[in-house]
file structure.pdb (PDB, C-alpha atoms)
MODEL        1
ATOM      1  CA  MET A   1     -29.185  37.054  -7.480
ATOM      2  CA  LYS A   2     -32.142  39.170  -6.419
ATOM      3  CA  GLU A   3     -32.015  42.801  -7.486
ATOM      4  CA  ARG A   4     -31.949  44.986  -4.368
ATOM      5  CA  LEU A   5     -31.594  48.437  -5.900
ATOM      6  CA  LYS A   6     -32.359  49.889  -9.307
ATOM      7  CA  VAL A   7     -31.799  53.531 -10.193
ATOM      8  CA  GLU A   8     -33.241  54.784 -13.476
ATOM      9  CA  HIS A   9     -32.343  58.126 -15.096
ATOM     10  CA  LEU A  10     -31.784  59.874 -11.758
ATOM     11  CA  SER A  11     -31.072  63.611 -11.892
ATOM     12  CA  VAL A  12     -30.426  65.713  -8.779
ATOM     13  CA  SER A  13     -29.780  69.462  -8.592
ATOM     14  CA  PHE A  14     -28.823  71.985  -5.922
ATOM     15  CA  PHE A  15     -30.474  75.376  -6.212
ATOM     16  CA  THR A  16     -28.030  78.048  -5.051
ATOM     17  CA  ASP A  17     -27.756  81.833  -5.228
ATOM     18  CA  GLU A  18     -25.506  81.393  -8.284
ATOM     19  CA  GLY A  19     -27.978  79.085 -10.032
ATOM     20  CA  GLU A  20     -28.775  75.401 -10.498
ATOM     21  CA  VAL A  21     -25.912  72.967  -9.871
ATOM     22  CA  GLN A  22     -26.631  69.710 -11.730
ATOM     23  CA  ALA A  23     -24.867  67.357  -9.315
ATOM     24  CA  VAL A  24     -26.255  64.050 -10.641
ATOM     25  CA  ARG A  25     -27.233  63.823 -14.304
ATOM     26  CA  ASP A  26     -29.281  60.974 -15.764
ATOM     27  CA  VAL A  27     -27.666  58.159 -13.748
ATOM     28  CA  SER A  28     -28.845  54.552 -14.072
ATOM     29  CA  PHE A  29     -27.482  51.394 -12.435
ATOM     30  CA  SER A  30     -28.594  48.287 -10.541
ATOM     31  CA  LEU A  31     -27.307  46.400  -7.500
ATOM     32  CA  SER A  32     -27.931  42.760  -6.624
ATOM     33  CA  ALA A  33     -27.986  41.029  -3.236
ATOM     34  CA  GLY A  34     -24.472  40.211  -2.022
ATOM     35  CA  GLU A  35     -22.826  42.404  -4.655
ATOM     36  CA  VAL A  36     -20.296  45.205  -4.149
ATOM     37  CA  LEU A  37     -20.534  48.064  -6.648
ATOM     38  CA  ALA A  38     -17.684  50.568  -6.445
ATOM     39  CA  VAL A  39     -18.456  54.112  -7.578
ATOM     40  CA  VAL A  40     -15.216  55.889  -8.501
ATOM     41  CA  GLY A  41     -14.175  59.279  -9.788
ATOM     42  CA  GLU A  42     -12.499  62.548  -8.849
ATOM     43  CA  SER A  43     -13.760  64.683  -5.971
ATOM     44  CA  GLY A  44     -16.908  66.577  -6.902
ATOM     45  CA  CYS A  45     -18.080  64.159  -9.596
ATOM     46  CA  GLY A  46     -21.328  63.337  -7.746
ATOM     47  CA  LYS A  47     -20.494  60.059  -5.990
ATOM     48  CA  SER A  48     -21.579  61.050  -2.472
ATOM     49  CA  VAL A  49     -24.585  63.042  -3.707
ATOM     50  CA  LEU A  50     -25.777  59.957  -5.589
ATOM     51  CA  CYS A  51     -25.766  57.853  -2.400
ATOM     52  CA  LYS A  52     -27.353  60.567  -0.265
ATOM     53  CA  SER A  53     -30.049  61.045  -2.909
ATOM     54  CA  ILE A  54     -31.070  57.399  -2.634
ATOM     55  CA  MET A  55     -31.270  57.667   1.167
ATOM     56  CA  LYS A  56     -32.926  61.114   0.970
ATOM     57  CA  LEU A  57     -30.215  62.747   3.085
ATOM     58  CA  LEU A  58     -29.987  65.861   0.917
ATOM     59  CA  PRO A  59     -30.098  69.465   2.166
ATOM     60  CA  GLU A  60     -33.187  71.620   1.666
ATOM     61  CA  ASN A  61     -31.846  73.312  -1.456
ATOM     62  CA  ALA A  62     -31.479  69.962  -3.265
ATOM     63  CA  LYS A  63     -34.161  68.361  -5.403
ATOM     64  CA  ILE A  64     -34.573  65.064  -7.216
ATOM     65  CA  LYS A  65     -35.626  66.427 -10.603
ATOM     66  CA  ASN A  66     -36.156  63.194 -12.460
ATOM     67  CA  GLY A  67     -35.808  59.428 -12.268
ATOM     68  CA  LYS A  68     -36.828  56.371 -10.307
ATOM     69  CA  ILE A  69     -35.310  54.712  -7.229
ATOM     70  CA  LEU A  70     -36.552  51.165  -6.758
ATOM     71  CA  VAL A  71     -35.583  49.183  -3.651
ATOM     72  CA  ASN A  72     -36.683  45.535  -3.825
ATOM     73  CA  GLY A  73     -39.019  46.661  -6.607
ATOM     74  CA  GLU A  74     -40.598  49.408  -4.493
ATOM     75  CA  GLU A  75     -40.443  52.972  -5.853
ATOM     76  CA  ILE A  76     -39.205  55.306  -3.097
ATOM     77  CA  ALA A  77     -38.262  58.480  -5.010
ATOM     78  CA  GLY A  78     -41.483  60.177  -3.917
ATOM     79  CA  TYR A  79     -41.327  59.133  -0.240
ATOM     80  CA  GLY A  80     -41.442  61.832   2.425
ATOM     81  CA  GLU A  81     -39.171  62.126   5.465
ATOM     82  CA  ARG A  82     -41.439  60.126   7.817
ATOM     83  CA  ARG A  83     -41.499  57.102   5.500
ATOM     84  CA  MET A  84     -37.762  57.366   4.812
ATOM     85  CA  ARG A  85     -36.971  57.274   8.533
ATOM     86  CA  GLU A  86     -38.608  53.858   8.659
ATOM     87  CA  LEU A  87     -36.352  52.623   5.858
ATOM     88  CA  ARG A  88     -33.030  54.097   6.984
ATOM     89  CA  GLY A  89     -31.122  51.635   9.112
ATOM     90  CA  LYS A  90     -33.441  48.739   8.349
ATOM     91  CA  LEU A  91     -33.487  48.721   4.561
ATOM     92  CA  PHE A  92     -30.286  50.656   3.932
ATOM     93  CA  SER A  93     -27.594  52.262   6.025
ATOM     94  CA  MET A  94     -24.517  54.414   5.488
ATOM     95  CA  VAL A  95     -20.922  54.517   6.705
ATOM     96  CA  PHE A  96     -19.248  57.912   6.358
ATOM     97  CA  GLN A  97     -15.544  58.629   5.798
ATOM     98  CA  ASN A  98     -14.614  60.346   9.071
ATOM     99  CA  PRO A  99     -15.543  58.187  12.092
ATOM    100  CA  MET A 100     -14.745  60.896  14.638
ATOM    101  CA  THR A 101     -17.438  63.208  13.275
ATOM    102  CA  SER A 102     -19.943  60.324  13.215
ATOM    103  CA  LEU A 103     -19.539  59.455  16.912
ATOM    104  CA  ASN A 104     -20.677  61.367  20.000
ATOM    105  CA  PRO A 105     -17.586  62.006  22.176
ATOM    106  CA  THR A 106     -19.722  62.271  25.340
ATOM    107  CA  MET A 107     -21.272  58.781  25.057
ATOM    108  CA  THR A 108     -19.657  55.373  25.447
ATOM    109  CA  VAL A 109     -19.391  53.395  22.234
ATOM    110  CA  GLY A 110     -21.649  50.711  23.701
ATOM    111  CA  ALA A 111     -24.363  53.279  24.422
ATOM    112  CA  GLN A 112     -24.154  54.591  20.863
ATOM    113  CA  ILE A 113     -24.445  51.139  19.323
ATOM    114  CA  ALA A 114     -27.289  50.323  21.736
ATOM    115  CA  GLU A 115     -29.106  53.476  20.665
ATOM    116  CA  ALA A 116     -28.982  52.296  17.049
ATOM    117  CA  VAL A 117     -30.176  48.798  18.024
ATOM    118  CA  ARG A 118     -33.182  50.167  19.960
ATOM    119  CA  ALA A 119     -34.080  52.532  17.117
ATOM    120  CA  HIS A 120     -34.726  49.576  14.820
ATOM    121  CA  GLN A 121     -35.788  46.868  17.291
ATOM    122  CA  LYS A 122     -37.967  48.661  19.828
ATOM    123  CA  ASP A 123     -39.318  45.472  21.424
ATOM    124  CA  MET A 124     -35.887  44.310  22.630
ATOM    125  CA  GLY A 125     -35.283  44.114  26.373
ATOM    126  CA  LYS A 126     -32.242  45.656  28.065
ATOM    127  CA  GLU A 127     -30.308  42.387  28.288
ATOM    128  CA  GLU A 128     -31.070  41.539  24.665
ATOM    129  CA  VAL A 129     -29.829  44.956  23.569
ATOM    130  CA  GLU A 130     -26.597  44.528  25.532
ATOM    131  CA  GLN A 131     -26.097  41.103  23.990
ATOM    132  CA  ARG A 132     -26.707  42.521  20.520
ATOM    133  CA  VAL A 133     -24.158  45.307  21.151
ATOM    134  CA  THR A 134     -21.561  42.706  22.103
ATOM    135  CA  GLU A 135     -22.379  40.638  18.995
ATOM    136  CA  LEU A 136     -22.026  43.660  16.715
ATOM    137  CA  MET A 137     -18.685  44.653  18.227
ATOM    138  CA  GLN A 138     -17.414  41.114  17.788
ATOM    139  CA  LEU A 139     -18.749  41.052  14.217
ATOM    140  CA  VAL A 140     -16.606  44.065  13.283
ATOM    141  CA  GLY A 141     -13.532  42.577  14.933
ATOM    142  CA  ILE A 142     -13.371  44.413  18.268
ATOM    143  CA  GLU A 143     -11.953  42.083  20.894
ATOM    144  CA  GLN A 144     -12.905  42.159  24.595
ATOM    145  CA  ALA A 145     -16.226  43.710  23.587
ATOM    146  CA  GLU A 146     -17.773  43.398  27.073
ATOM    147  CA  GLU A 147     -15.114  45.664  28.536
ATOM    148  CA  ARG A 148     -14.513  47.979  25.594
ATOM    149  CA  LYS A 149     -18.147  48.937  25.059
ATOM    150  CA  LYS A 150     -17.848  50.998  28.254
ATOM    151  CA  ALA A 151     -15.071  53.119  26.706
ATOM    152  CA  TYR A 152     -15.469  56.429  24.871
ATOM    153  CA  PRO A 153     -14.549  57.136  21.210
ATOM    154  CA  TYR A 154     -11.341  58.957  22.171
ATOM    155  CA  HIS A 155     -10.065  55.738  23.747
ATOM    156  CA  PHE A 156      -9.954  54.133  20.289
ATOM    157  CA  SER A 157      -7.707  54.526  17.241
ATOM    158  CA  GLY A 158      -9.071  55.755  13.910
ATOM    159  CA  GLY A 159      -9.389  52.220  12.583
ATOM    160  CA  MET A 160     -11.228  51.033  15.692
ATOM    161  CA  ARG A 161     -13.573  54.020  15.554
ATOM    162  CA  GLN A 162     -14.423  53.131  11.976
ATOM    163  CA  ARG A 163     -15.251  49.592  13.142
ATOM    164  CA  ILE A 164     -17.618  51.095  15.736
ATOM    165  CA  VAL A 165     -19.290  53.236  13.064
ATOM    166  CA  LEU A 166     -19.695  50.098  10.951
ATOM    167  CA  ALA A 167     -21.283  48.279  13.922
ATOM    168  CA  ILE A 168     -23.803  51.144  14.270
ATOM    169  CA  ALA A 169     -24.581  50.974  10.545
ATOM    170  CA  LEU A 170     -25.222  47.222  10.802
ATOM    171  CA  ALA A 171     -27.428  47.489  13.911
ATOM    172  CA  GLY A 172     -30.660  47.371  11.895
ATOM    173  CA  ASN A 173     -29.544  44.455   9.671
ATOM    174  CA  PRO A 174     -29.696  46.573   6.481
ATOM    175  CA  GLU A 175     -30.036  44.930   3.094
ATOM    176  CA  ILE A 176     -28.065  47.705   1.369
ATOM    177  CA  LEU A 177     -24.960  49.423   2.769
ATOM    178  CA  PHE A 178     -23.527  52.671   1.415
ATOM    179  CA  ALA A 179     -19.865  53.110   2.323
ATOM    180  CA  ASP A 180     -18.816  56.675   1.501
ATOM    181  CA  GLU A 181     -14.998  56.626   1.341
ATOM    182  CA  PRO A 182     -14.807  54.850   4.735
ATOM    183  CA  THR A 183     -11.034  54.350   4.569
ATOM    184  CA  THR A 184      -9.899  57.800   3.377
ATOM    185  CA  ALA A 185      -8.886  59.060   6.838
ATOM    186  CA  LEU A 186      -6.945  55.884   7.698
ATOM    187  CA  ASP A 187      -3.343  54.897   7.074
ATOM    188  CA  VAL A 188      -2.597  52.240   4.448
ATOM    189  CA  THR A 189      -2.238  49.285   6.845
ATOM    190  CA  ILE A 190      -5.474  50.036   8.718
ATOM    191  CA  GLN A 191      -7.201  50.807   5.415
ATOM    192  CA  ALA A 192      -6.448  47.278   4.200
ATOM    193  CA  GLN A 193      -7.837  45.803   7.426
ATOM    194  CA  ILE A 194     -11.103  47.757   7.121
ATOM    195  CA  LEU A 195     -11.496  46.779   3.460
ATOM    196  CA  ASP A 196     -10.999  43.097   4.309
ATOM    197  CA  LEU A 197     -13.470  43.463   7.177
ATOM    198  CA  LEU A 198     -16.099  45.059   4.911
ATOM    199  CA  ARG A 199     -15.707  42.286   2.380
ATOM    200  CA  GLU A 200     -15.892  39.600   5.074
ATOM    201  CA  ILE A 201     -19.049  41.077   6.614
ATOM    202  CA  GLN A 202     -20.624  41.578   3.199
ATOM    203  CA  LYS A 203     -20.094  37.905   2.339
ATOM    204  CA  LYS A 204     -21.279  36.728   5.750
ATOM    205  CA  LEU A 205     -24.473  38.806   5.788
ATOM    206  CA  GLY A 206     -25.162  38.927   2.043
ATOM    207  CA  THR A 207     -25.426  42.711   2.167
ATOM    208  CA  ALA A 208     -25.527  44.600  -1.132
ATOM    209  CA  THR A 209     -22.898  47.346  -0.942
ATOM    210  CA  VAL A 210     -22.239  50.606  -2.787
ATOM    211  CA  PHE A 211     -18.620  51.536  -2.078
ATOM    212  CA  VAL A 212     -17.706  55.138  -2.900
ATOM    213  CA  THR A 213     -14.042  55.964  -3.475
ATOM    214  CA  HIS A 214     -11.665  58.046  -5.586
ATOM    215  CA  ASP A 215      -8.976  55.364  -5.249
ATOM    216  CA  LEU A 216      -9.043  52.692  -7.962
ATOM    217  CA  GLY A 217      -6.413  50.746  -6.030
ATOM    218  CA  VAL A 218      -8.997  50.146  -3.314
ATOM    219  CA  VAL A 219     -11.545  48.948  -5.866
ATOM    220  CA  ALA A 220      -9.579  45.876  -6.898
ATOM    221  CA  ARG A 221      -9.591  44.655  -3.305
ATOM    222  CA  ILE A 222     -13.302  44.861  -2.598
ATOM    223  CA  ALA A 223     -15.576  45.318  -5.638
ATOM    224  CA  ASP A 224     -17.440  43.017  -8.027
ATOM    225  CA  ARG A 225     -18.442  45.785 -10.450
ATOM    226  CA  VAL A 226     -17.282  49.358 -11.008
ATOM    227  CA  ALA A 227     -19.171  52.501 -12.070
ATOM    228  CA  VAL A 228     -16.908  55.360 -13.170
ATOM    229  CA  MET A 229     -18.461  58.807 -12.603
ATOM    230  CA  TYR A 230     -17.498  62.093 -14.197
ATOM    231  CA  ALA A 231     -19.316  65.440 -14.026
ATOM    232  CA  GLY A 232     -22.403  63.891 -12.421
ATOM    233  CA  LYS A 233     -22.750  61.040 -14.923
ATOM    234  CA  ILE A 234     -21.722  57.382 -15.080
ATOM    235  CA  VAL A 235     -19.370  57.262 -18.079
ATOM    236  CA  GLU A 236     -18.369  53.595 -17.818
ATOM    237  CA  ILE A 237     -19.656  50.578 -15.924
ATOM    238  CA  GLY A 238     -18.525  46.953 -15.901
ATOM    239  CA  THR A 239     -17.011  44.152 -13.863
ATOM    240  CA  VAL A 240     -13.714  44.774 -12.075
ATOM    241  CA  ASP A 241     -11.822  42.757 -14.711
ATOM    242  CA  GLU A 242     -13.484  44.667 -17.551
ATOM    243  CA  ILE A 243     -12.658  48.061 -16.056
ATOM    244  CA  PHE A 244      -9.067  47.180 -15.133
ATOM    245  CA  TYR A 245      -8.087  45.074 -18.141
ATOM    246  CA  ASP A 246     -10.340  46.365 -20.914
ATOM    247  CA  PRO A 247     -11.243  49.993 -20.081
ATOM    248  CA  ARG A 248     -12.974  51.889 -22.883
ATOM    249  CA  HIS A 249     -13.501  55.473 -21.718
ATOM    250  CA  PRO A 250     -10.548  57.924 -21.907
ATOM    251  CA  TYR A 251     -11.388  59.131 -18.403
ATOM    252  CA  THR A 252     -11.045  55.574 -17.069
ATOM    253  CA  TRP A 253      -7.683  55.330 -18.865
ATOM    254  CA  GLY A 254      -6.558  58.473 -17.069
ATOM    255  CA  LEU A 255      -7.651  57.182 -13.662
ATOM    256  CA  LEU A 256      -5.882  53.860 -14.189
ATOM    257  CA  ARG A 257      -2.662  55.507 -15.384
ATOM    258  CA  SER A 258      -2.580  57.530 -12.158
ATOM    259  CA  ILE A 259      -2.340  54.363 -10.024
ATOM    260  CA  PRO A 260       1.286  54.016  -8.811
ATOM    261  CA  ALA A 261       1.343  50.281  -9.534
ATOM    262  CA  PHE A 262       0.761  50.941 -13.241
ATOM    263  CA  SER A 263       3.605  53.480 -13.361
ATOM    264  CA  ARG A 264       6.267  51.365 -11.688
ATOM    265  CA  GLY A 265       9.700  52.130 -13.086
ATOM    266  CA  LYS A 266       8.643  55.446 -14.619
ATOM    267  CA  GLU A 267      10.060  58.792 -13.584
ATOM    268  CA  SER A 268       6.704  60.480 -12.993
ATOM    269  CA  LEU A 269       3.107  59.599 -12.255
ATOM    270  CA  PRO A 270       0.773  60.611 -15.113
ATOM    271  CA  SER A 271      -2.146  62.888 -14.300
ATOM    272  CA  ILE A 272      -5.258  63.992 -16.164
ATOM    273  CA  PRO A 273      -4.728  67.546 -17.452
ATOM    274  CA  GLY A 274      -7.192  70.315 -16.674
ATOM    275  CA  MET A 275     -10.041  70.424 -14.168
ATOM    276  CA  PRO A 276     -13.553  68.935 -14.060
ATOM    277  CA  PRO A 277     -16.183  71.308 -15.472
ATOM    278  CA  SER A 278     -18.527  73.388 -13.347
ATOM    279  CA  LEU A 279     -21.879  71.669 -12.984
ATOM    280  CA  LEU A 280     -23.479  75.086 -12.655
ATOM    281  CA  HIS A 281     -23.092  75.288 -16.426
ATOM    282  CA  PRO A 282     -22.219  71.803 -17.790
ATOM    283  CA  PRO A 283     -20.442  72.001 -21.154
ATOM    284  CA  LYS A 284     -22.084  71.123 -24.436
ATOM    285  CA  GLY A 285     -21.392  67.605 -25.703
ATOM    286  CA  ASP A 286     -19.100  65.271 -23.736
ATOM    287  CA  ALA A 287     -18.157  66.901 -20.409
ATOM    288  CA  PHE A 288     -14.716  65.245 -20.589
ATOM    289  CA  ALA A 289     -13.907  66.509 -24.110
ATOM    290  CA  SER A 290     -11.711  69.461 -23.052
ATOM    291  CA  ARG A 291      -9.443  67.109 -21.050
ATOM    292  CA  ASN A 292      -9.515  64.258 -23.557
ATOM    293  CA  ALA A 293      -6.490  63.847 -25.841
ATOM    294  CA  TYR A 294      -8.608  61.524 -28.024
ATOM    295  CA  ALA A 295     -11.600  63.864 -28.357
ATOM    296  CA  LEU A 296     -13.398  63.978 -31.701
ATOM    297  CA  GLU A 297     -15.245  66.951 -33.176
ATOM    298  CA  ILE A 298     -18.582  65.433 -32.197
ATOM    299  CA  ASP A 299     -17.468  65.322 -28.532
ATOM    300  CA  PHE A 300     -17.771  69.104 -28.386
ATOM    301  CA  GLU A 301     -21.222  69.089 -29.966
ATOM    302  CA  GLU A 302     -23.161  66.031 -28.853
ATOM    303  CA  GLU A 303     -23.225  63.961 -25.679
ATOM    304  CA  PRO A 304     -22.331  60.310 -26.346
ATOM    305  CA  PRO A 305     -24.823  57.550 -25.516
ATOM    306  CA  MET A 306     -23.887  54.441 -23.539
ATOM    307  CA  PHE A 307     -22.313  52.037 -26.014
ATOM    308  CA  ARG A 308     -22.489  48.308 -25.261
ATOM    309  CA  VAL A 309     -19.130  46.520 -25.068
ATOM    310  CA  THR A 310     -20.456  43.295 -23.483
ATOM    311  CA  ASP A 311     -23.653  42.414 -21.635
ATOM    312  CA  SER A 312     -22.080  43.753 -18.427
ATOM    313  CA  HIS A 313     -19.804  46.468 -19.833
ATOM    314  CA  TYR A 314     -20.926  49.861 -21.185
ATOM    315  CA  ALA A 315     -19.100  53.139 -21.855
ATOM    316  CA  ALA A 316     -20.251  56.594 -22.954
ATOM    317  CA  THR A 317     -17.597  57.580 -25.486
ATOM    318  CA  TRP A 318     -17.833  58.364 -29.209
ATOM    319  CA  LEU A 319     -14.681  56.281 -29.700
ATOM    320  CA  LEU A 320     -16.934  53.212 -29.549
ATOM    321  CA  ASP A 321     -19.059  54.421 -32.461
ATOM    322  CA  GLU A 322     -18.457  52.270 -35.538
ATOM    323  CA  ARG A 323     -17.582  55.415 -37.525
ATOM    324  CA  ALA A 324     -14.890  56.552 -35.081
ATOM    325  CA  PRO A 325     -11.177  56.095 -35.823
ATOM    326  CA  LYS A 326      -9.528  53.273 -33.926
ATOM    327  CA  VAL A 327      -7.071  54.306 -31.239
ATOM    328  CA  VAL A 328      -4.647  52.367 -29.078
ATOM    329  CA  PRO A 329      -5.409  53.142 -25.412
ATOM    330  CA  PRO A 330      -2.458  54.099 -23.197
ATOM    331  CA  ILE A 331      -3.442  51.312 -20.814
ATOM    332  CA  GLY A 332      -5.188  47.947 -21.489
ATOM    333  CA  GLY A 333      -7.811  47.022 -24.098
ATOM    334  CA  ASN A 334      -8.692  48.908 -27.291
ATOM    335  CA  THR A 335     -11.692  50.567 -28.894
ATOM    336  CA  ASP A 336     -12.607  48.050 -31.561
ATOM    337  CA  GLY A 337     -13.565  45.138 -29.278
ATOM    338  CA  THR A 338     -10.552  42.921 -30.050
TER     339      THR A 338
ENDMDL
END
call {"tool": "encode", "arguments": {"input": "structure.pdb", "output": "structure tokens"}}
result
Amino acid sequence: MKERLKVEHLSVSFFTDEGEVQAVRDVSFSLSAGEVLAVVGESGCGKSVLCKSIMKLLPENAKIKNGKILVNGEEIAGYGERRMRELRGKLFSMVFQNPMTSLNPTMTVGAQIAEAVRAHQKDMGKEEVEQRVTELMQLVGIEQAEERKKAYPYHFSGGMRQRIVLAIALAGNPEILFADEPTTALDVTIQAQILDLLREIQKKLGTATVFVTHDLGVVARIADRVAVMYAGKIVEIGTVDEIFYDPRHPYTWGLLRSIPAFSRGKESLPSIPGMPPSLLHPPKGDAFASRNAYALEIDFEEEPPMFRVTDSHYAATWLLDERAPKVVPPIGGNTDGT
């Protein structure tokens, strides 16, 4: 499959009155056409900032300090706002988590989708635009599109509003779609419908997708590969099967143990002790060391490199060093490759 996106050693900081917040730290990953990469981790680990950095949707006090962002082989890290406006919508687009804040309550949903269509296809006539609006609404599963495009956002449920937001995001036929926790504000039943819809559209259009979530249960339903983020860094990356059935990083173990399905029959749901570190002053060594029951002395002194488990599976933990003691993970897999 053709590589759509490649991020190399990306570092992004926010410069505040308190100091420099290192939100994204030396992140590298790739994304192929038609692939879904889930980026998971606790709130504040840098997932959303990573996506917004690629699309250059950062506030004025943020800066890309280092790294490359290649889209279809083209380096865009140094692009200014004018050039990025040409790429947003056409090359990549984004779906945010709260559809009500993404829609204008004073405009009909059809007018809002039409606005997005005209922004990317300026030579379209009025009838063509209206036809395209209907097609997009049908694509995202909204029935009676001809009638319902005249309605306003408040006429729709949360799930339907998220479908409208998705239609707007797809108006420019983007090659890459960023979905930033698009199901968080929805109930479980509607969440499942939106996830199935995203997967169906992704397969139909061949769109490469970065799906941001803190819910590993969602990941199994939609993703091909998973990148686990902690304290602004990717600490483990692999296929869905590798992450779920052979996890190697203690942080990934903690996330998996917190899934209700893995704790069925137990009296309580395990949680990861402690809190993520402040990225204003990231700790020395492994940022997860203070919360890691399996931490070694070196974890508090030196940051671990990415160790190769397989050609598609890597994890940044000293437990994978050949000199480290072998431990039995609390969930799936082990640290010695057997």
call {"tool": "resolve_selection", "arguments": {"input": "structure.pdb", "expression": "the PyMOL selection byres ((chain A and resi 310-317) around 7)", "output": "short mmCIF file (atom, residue, chain, number, x, y, z; two decimals) with C-alpha atoms, in the coordinates of the input"}}
result
data_model
loop_
_atom_site.label_atom_id
_atom_site.label_comp_id
_atom_site.auth_asym_id
_atom_site.auth_seq_id
_atom_site.Cartn_x
_atom_site.Cartn_y
_atom_site.Cartn_z
CA VAL A 235 -19.37 57.26 -18.08
CA GLU A 236 -18.37 53.60 -17.82
CA ILE A 237 -19.66 50.58 -15.92
CA GLY A 238 -18.52 46.95 -15.90
CA THR A 239 -17.01 44.15 -13.86
CA GLU A 242 -13.48 44.67 -17.55
CA ARG A 248 -12.97 51.89 -22.88
CA HIS A 249 -13.50 55.47 -21.72
CA PRO A 304 -22.33 60.31 -26.35
CA PRO A 305 -24.82 57.55 -25.52
CA MET A 306 -23.89 54.44 -23.54
CA PHE A 307 -22.31 52.04 -26.01
CA ARG A 308 -22.49 48.31 -25.26
CA VAL A 309 -19.13 46.52 -25.07
CA TRP A 318 -17.83 58.36 -29.21
CA LEU A 319 -14.68 56.28 -29.70
CA LEU A 320 -16.93 53.21 -29.55
#
call {"tool": "resolve_selection", "arguments": {"input": "structure.pdb", "expression": "the PyMOL selection byres ((chain A and resi 259) around 12)", "output": "list of chain:residue names"}}
result
A:His214, A:Asp215, A:Leu216, A:Gly217, A:Val218, A:Val219, A:Ala220, A:Phe244, A:Thr252, A:Trp253, A:Gly254, A:Leu255, A:Leu256, A:Arg257, A:Ser258, A:Pro260, A:Ala261, A:Phe262, A:Ser263, A:Arg264, A:Lys266, A:Ser268, A:Leu269, A:Pro270, A:Ser271, A:Ile272, A:Ile331
call {"tool": "residues_around", "arguments": {"input": "structure.pdb", "residues": "Asp17 of chain A", "least_positions_apart": "4", "cutoff": "12 Å", "atoms": "all atoms listed in the file", "output": "VMD selection string"}}
result
chain A and resid 21 61 280
call {"tool": "write_last_selection", "arguments": {"input": "structure.pdb", "atoms": "C-alpha atoms", "output": "mmCIF file, in the frame of the given file"}}
result
data_model
loop_
_atom_site.group_PDB
_atom_site.id
_atom_site.type_symbol
_atom_site.label_atom_id
_atom_site.label_comp_id
_atom_site.auth_asym_id
_atom_site.auth_seq_id
_atom_site.Cartn_x
_atom_site.Cartn_y
_atom_site.Cartn_z
ATOM 1 C CA VAL A 21 -25.912 72.967 -9.871
ATOM 2 C CA ASN A 61 -31.846 73.312 -1.456
ATOM 3 C CA LEU A 280 -23.479 75.086 -12.655
#
call {"tool": "resolve_selection", "arguments": {"input": "structure.pdb", "expression": "the PyMOL selection byres ((chain A and resi 28) around 8)", "output": "mmCIF file with C-alpha atoms, in the frame of the given file"}}
result
data_model
loop_
_atom_site.group_PDB
_atom_site.id
_atom_site.type_symbol
_atom_site.label_atom_id
_atom_site.label_comp_id
_atom_site.auth_asym_id
_atom_site.auth_seq_id
_atom_site.Cartn_x
_atom_site.Cartn_y
_atom_site.Cartn_z
ATOM 1 C CA LYS A 6 -32.359 49.889 -9.307
ATOM 2 C CA VAL A 7 -31.799 53.531 -10.193
ATOM 3 C CA GLU A 8 -33.241 54.784 -13.476
ATOM 4 C CA HIS A 9 -32.343 58.126 -15.096
ATOM 5 C CA LEU A 10 -31.784 59.874 -11.758
ATOM 6 C CA ASP A 26 -29.281 60.974 -15.764
ATOM 7 C CA VAL A 27 -27.666 58.159 -13.748
ATOM 8 C CA PHE A 29 -27.482 51.394 -12.435
ATOM 9 C CA SER A 30 -28.594 48.287 -10.541
ATOM 10 C CA ILE A 234 -21.722 57.382 -15.080
#
call {"tool": "atom_distance", "arguments": {"input": "structure.pdb", "atom1": "atom CA of Ser32 of chain A", "atom2": "atom CA of Leu5 of chain A"}}
result
6.8 Å
call {"tool": "closest_atom_pairs", "arguments": {"input": "structure.pdb", "of": "segment 103-163 of chain A", "to": "segment 189-196 of chain A", "cutoff": "8 Å", "atoms": "only C-alpha atoms", "output": "CSV"}}
result
residue,atom,partner,partner_atom,distance
A:Gly159,CA,A:Ile190,CA,5.9
A:Gln162,CA,A:Ile194,CA,8.0
A:Arg163,CA,A:Ile194,CA,7.5
call {"tool": "closest_residue", "arguments": {"input": "structure.pdb", "among": "A:Ala23, A:Leu186, A:Met1, A:Ile54", "to": "Met229 of chain A", "atoms": "all atoms listed in the file"}}
result
A:Ala23
call {"tool": "atom_distance", "arguments": {"input": "structure.pdb", "atom1": "atom CA of Lys233 of chain A", "atom2": "atom CA of Ser43 of chain A"}}
result
13.2 Å
call {"tool": "atom_distance", "arguments": {"input": "structure.pdb", "atom1": "atom CA of Ile298 of chain A", "atom2": "atom CA of Glu322 of chain A"}}
result
13.6 Å
call {"tool": "closest_residue", "arguments": {"input": "structure.pdb", "among": "A:Glu115, A:Val328, A:Glu35, A:Asp246", "to": "Leu198 of chain A", "atoms": "only C-alpha atoms"}}
result
A:Glu35
call {"tool": "residues_near_point", "arguments": {"input": "structure.pdb", "point": "(-32.0, 67.8, -13.3)", "cutoff": "7 Å", "atoms": "all atoms listed in the file", "output": "PDB file with C-alpha atoms, keeping the file's coordinate frame"}}
result
ATOM      1  CA  SER A  11     -31.072  63.611 -11.892  1.00  0.00           C
ATOM      2  CA  VAL A  12     -30.426  65.713  -8.779  1.00  0.00           C
ATOM      3  CA  SER A  13     -29.780  69.462  -8.592  1.00  0.00           C
ATOM      4  CA  GLN A  22     -26.631  69.710 -11.730  1.00  0.00           C
ATOM      5  CA  ARG A  25     -27.233  63.823 -14.304  1.00  0.00           C
ATOM      6  CA  LYS A  65     -35.626  66.427 -10.603  1.00  0.00           C
ATOM      7  CA  ASN A  66     -36.156  63.194 -12.460  1.00  0.00           C
TER       8      ASN A  66
END
call {"tool": "residues_around", "arguments": {"input": "structure.pdb", "residues": "Pro105 of chain A", "least_positions_apart": "6", "cutoff": "12 Å", "atoms": "only C-alpha atoms", "output": "list in words"}}
result
Pro99, Ala111, Gln112, Ala151, Tyr152, Pro153, Tyr154, His155, Phe156 and Arg161 of chain A
